[in-house]
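Written below as structure tokens is the structure these notes are about.
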Amino acid sequence: MTFSIDRTRSFLKIEESNLLSLHRSPHPIVPSADYCKGHLCDAFICVVNEYNLHRVYVALHDQQLKSNFIFIADPFRPDNEKLAALLLDAQGFLENIGFEMEQVNIDFRSATREVIIKDIRVMREPSLAVQLDAAKMALEGLTAENKEITRKASQEQMELITEMEVLRGRLAAATAVQQASMVERPANAENSAGSALQVEPDALHEDLRTLREEGEGFRLRLVGAEQELQKVQEELNNVKIMLKSSGEGLKNAKDEARQARKEQKLSKQESELLNEKLKSEQKELDKARKETEVIRRELQEALESSLHDRVAINDDVEAVHQAATGDLKAEINRLMAELAGNDSEHTGEIEVLRAALAAANVSLSAEKAKNGSALQEMDALERNASAELKLLKKKVDSLTAEKHLLEKSAAEIKIKAHEEIERQQQVNQSQRKAALEKLNALKEDIRQLALARAVIASPTGLPPVQPGSNASFLSTDDRKEISFVSQQASFASDQFRSDEASEYLDFLPDKLLKGIPYSFPTDVVEIYQSYNTIQAAPTGKQPQKCDGFVCLVTGGGQSQVYVAWLMNPSGEVLVCLPERAADGDDSCRQMLREGIGYFERIGFLIDRVHLEEDPDKRQGQLDKLAVFCRTVTDCAA
């Protein structure tokens with residue numbers, strides 16, 4: 001196979017400028033490969049330029065374990081044909097285990113490419129625990145492989161030494177036989193007997209030569225085996241050096257993790273500063289919008305009033321001109337009539353009237369020119385106003401885009417902070433579990449010490465038996481079980497600091513109840529709520545984030561303890577009841593403590609909720625909690 005798994009890599013660290021091509025699966029599937037363990041996985045093919053060479057990586061991302069499988073091939077010089085052939089091999093390798101691949105468009109600017117790379121899960125640096133596990137598995141594989149090679153080489157060397165000893169024995173035996181035959185040869189043997197003896201030493205020489213050749217061959221094989229063993233020892237030394245470098249790498253990874261936590265703290269501070277800046281920018285944006293709106297209204301009102309005034313003036317001037325023109329025309333008509341009667345007498349008056357008419361026409365042209373210039377000024381004002389409005393709109397758009405970017409960065413920072421909080425919660429839960437185990441071990445030591453002291457103090461050398469007990473009638477196994485149960489009860493977690501011994505009590509789900517029933521707000525006596533959320537799978541439900549509630553409710557003169565699961569994704573409530581009914585207030589209080597212990601053993605951190613004395617305020621508190629139902633009839637299915 002062209003591609004082989006690389007256990008030393010836990011993710012692909014690729015610079016944006018070195019990424020040449022990217023393929024990915026459109027949706028996650030469960031691959032047929034055994035190393036995927038039946039988990040949903042995503043597949044990626046990355047073509048990278050490394051040190052003037054091209055390399056193709058195949059990566060699988062396990063969604064359940066949040067880990068990666070990296071497959072590598074030998075690098076090659078830039079060659080389009082080799083690249084195409086290797087891409088076909090990579091796609092064939094992924095298709096054999098069930099994936100369908102498609103190419104991702106990365107022909108964008110550097111910032112967009114960096115966003116795309118950050119979105120690829122196999123290019124994200126996994127958690128330190130995942131990196132440590134991957135390095136540990138790789139080192140274990142290399143150590144096991146080198147141990148196997150060393151064992152085989154040692155075994156082969158021992159076999160060669162054994163064969164060499166056998167050949168040496170055969171050679172010594174043949175030499176002894178030859179010397180004996182040479183001594184026992186008679187001096188006066190006959191010719192026929194001499195020829196027979198001559199044949200026998202020749203055969204012995206031939207066997208001796210054959211044995212020497214075989215011995216030389218085995219010696220050469222032994223030398224080769226010793227060289228192979230020397231090579232294996234050199235590889236083992238290289239593995240030791242690699243182990244040392246891996247240890248240094250793990251130390252560097254821890255330093256990087258500490259640095260990452262510092263950077264996360266700084267990023268949190270930066271996010272707070274960005275939020276403050278965003279708020280101030282939002283205020284300035286709102287202020288700018290208000291000012292823009294005021295300016296736009298004032299400008300529109302000014303334009304409307306100016307246009308109205310200009311139109312009114314033009315109408316007045318036009319009316320005046322029309323009236324003057326009408327009067328002039330009437331006067332001209334009258335004068336023409338008079339002129340027709342006595343033309344010769346009123347020639348001078350006609351000339352005066354014509355001059356007055358020309359002057360009126362000139363003044364009318366001047367007014368029209370003034371009106372045109374006024375209209376041009378109004379057009380210029382409108383163009384300037386529209387340009388200012390466009391500039392203000394661009395500024396508003398840029399501020400909006402900057403706001404979106406800040407909101408996006410703030411959301412990413414919140415997501416990272418939420419993930420870190422969840423991780424810290426898991427760490428706290430594991431630490432709390434380890435502390436509980438240590439506490440149980442310490443309690444067991446204390447019990448053993450108390451038992452030893454009781455044995456020492458007893459005159460019979462046996463632990464004391466309580467009066468009235470039936471311990472003498474119990475077997476050894478039964479006494480051990482009773483001792484363990486009593487010890488567990490005496491050291492059980494008690495939220496009320498009670499010295500009474502608690503017994504194990506189970507809580508069973510009641511599917512008929514859709515919430516904790518109550519009739520009046522004062523019926524709810526005590527509420528204990530978890531102030532942390534854990535990932536759990538209540539009875540018959542899928543794993544999801546849940547909150548826990550333990551409540552004491554009275555009704556009809558009786559008290560009842562309820563243990564409720566609130567499943568946050570669906571809002572569904574699972575109500576559990578004690579396996580037996582309470583027979584008094586003390587028994588009910590004991591069940592309440594057992595309910596709290598039931599949740600604390602799972603991993604919840606339980607705290608008491610302060611209830612208001614006023615019934616209306618208490619009703620408001622109960623309404624805010626999603627696990628209560630007002631009447632019993634409403635809660636029944």
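Ligands are numbered from 1 in the order shown, chains are lettered A, B, ... in the order of the structure tokens, and residues start at 1 in each chain.
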- Message: Just want the 9 Å neighbourhood of segment 353-365 of chain A, counted on only C-alpha atoms, with same-chain residues fewer than 5 positions away dropped. Output as a ChimeraX atom specification.
- Response: /A:317-318,321,324-325,328,331-332,335,348,370
Keeping only C-alpha atoms, write the selected residues as a PDB file, in the first residue's frame.
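Written output follows (part-v4.pdb):
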```pdb
ATOM      1  CA  VAL A 317     -43.520  86.449 -11.004  1.00  0.00           C
ATOM      2  CA  GLU A 318     -45.291  84.563 -13.766  1.00  0.00           C
ATOM      3  CA  HIS A 321     -45.622  89.020 -15.995  1.00  0.00           C
ATOM      4  CA  ALA A 324     -48.267  93.038 -17.277  1.00  0.00           C
ATOM      5  CA  THR A 325     -48.221  91.336 -20.666  1.00  0.00           C
ATOM      6  CA  LEU A 328     -49.454  95.752 -22.519  1.00  0.00           C
ATOM      7  CA  GLU A 331     -52.756  98.896 -24.471  1.00  0.00           C
ATOM      8  CA  ILE A 332     -51.053  97.903 -27.741  1.00  0.00           C
ATOM      9  CA  LEU A 335     -52.936 102.102 -29.460  1.00  0.00           C
ATOM     10  CA  GLY A 348     -43.802 109.327 -31.167  1.00  0.00           C
ATOM     11  CA  LYS A 370     -32.680  84.080 -12.255  1.00  0.00           C
TER      12      LYS A 370
END
```
- Message: Please list as a ChimeraX atom specification every residue within 12 Å of Gly224 of chain A, counting only C-alpha atoms and excluding residues in the same chain fewer than 6 positions away.
- Response: /A:153,156-157,160,217-218,230-231
Could you save the residues just selected, with N, CA and C atoms, as a compact mmCIF listing (two decimals), in the first residue's frame?
```txt
# COMPACT_ATOMS: atom_id res chain seq x y z
N ALA A 153 16.78 -11.78 15.87
CA ALA A 153 18.21 -11.78 15.56
C ALA A 153 19.00 -12.64 16.55
N GLU A 156 18.31 -16.27 15.79
CA GLU A 156 19.03 -16.71 14.60
C GLU A 156 20.52 -16.87 14.89
N GLN A 157 21.07 -15.97 15.71
CA GLN A 157 22.48 -16.08 16.07
C GLN A 157 22.75 -17.35 16.87
N LEU A 160 22.74 -20.25 14.50
CA LEU A 160 23.98 -20.31 13.73
C LEU A 160 25.14 -20.82 14.58
N GLY A 217 30.76 -21.29 4.95
CA GLY A 217 29.45 -20.67 4.68
C GLY A 217 28.74 -20.28 5.97
N PHE A 218 28.75 -21.18 6.97
CA PHE A 218 28.10 -20.84 8.24
C PHE A 218 28.81 -19.69 8.93
N GLN A 230 24.09 -6.00 15.03
CA GLN A 230 24.66 -4.68 15.29
C GLN A 230 23.75 -3.58 14.76
N LYS A 231 23.18 -3.85 13.54
CA LYS A 231 22.24 -2.86 12.99
C LYS A 231 21.01 -2.71 13.88
```
- Message: List as a VMD selection string the protein and nucleic acid residues near segment 96-109 of chain A, meaning an atom at most 10 Å away when only C-alpha atoms are counted, but skip any in the same chain fewer than 4 places from it.
- Response: chain A and resid 16 19 to 34 41 to 45 90 to 92 113 to 114 116 to 117
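Interatomic distance, atom CA of Ser4 of chain A to atom CA of Ala73 of chain A: 6.7 Å.
Going from atom CA of Asp510 of chain A to atom CA of Ser530 of chain A covers 20.8 Å.
Nearest-residue note for Thr2 of chain A: choosing from A:Ala257, A:Val115, A:Leu436, A:Ile72, the minimum distance belongs to A:Ile72, counting only C-alpha atoms.
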- Item | Near-segment 270-287 of chain A list (9 Å; only C-alpha atoms; drop same-chain fewer than 2 positions) as a ChimeraX atom specification | /A:265-268,289-292,396,399-400,402-403,406-407,409-410,413-414
- Long-range neighbours of Ile534 of chain A as a ChimeraX atom specification, 8 Å cut-off, only C-alpha atoms, 2 positions minimum in chain: /A:532,536,545-547,603-604
Can those selected residues be exported to a file as a tab-separated table (two decimals), in the first residue's frame so that it contains C-alpha atoms?
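Once written, again_33.tsv looks like this:
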```tsv
chain	number	residue	atom	x	y	z
A	532	ASN	CA	-23.17	22.06	37.87
A	536	ALA	CA	-25.30	11.57	31.84
A	545	LYS	CA	-26.51	17.34	29.60
A	546	CYS	CA	-28.64	17.10	32.78
A	547	ASP	CA	-29.37	18.98	36.02
A	603	GLY	CA	-21.03	13.57	39.99
A	604	PHE	CA	-23.50	16.40	40.82
```
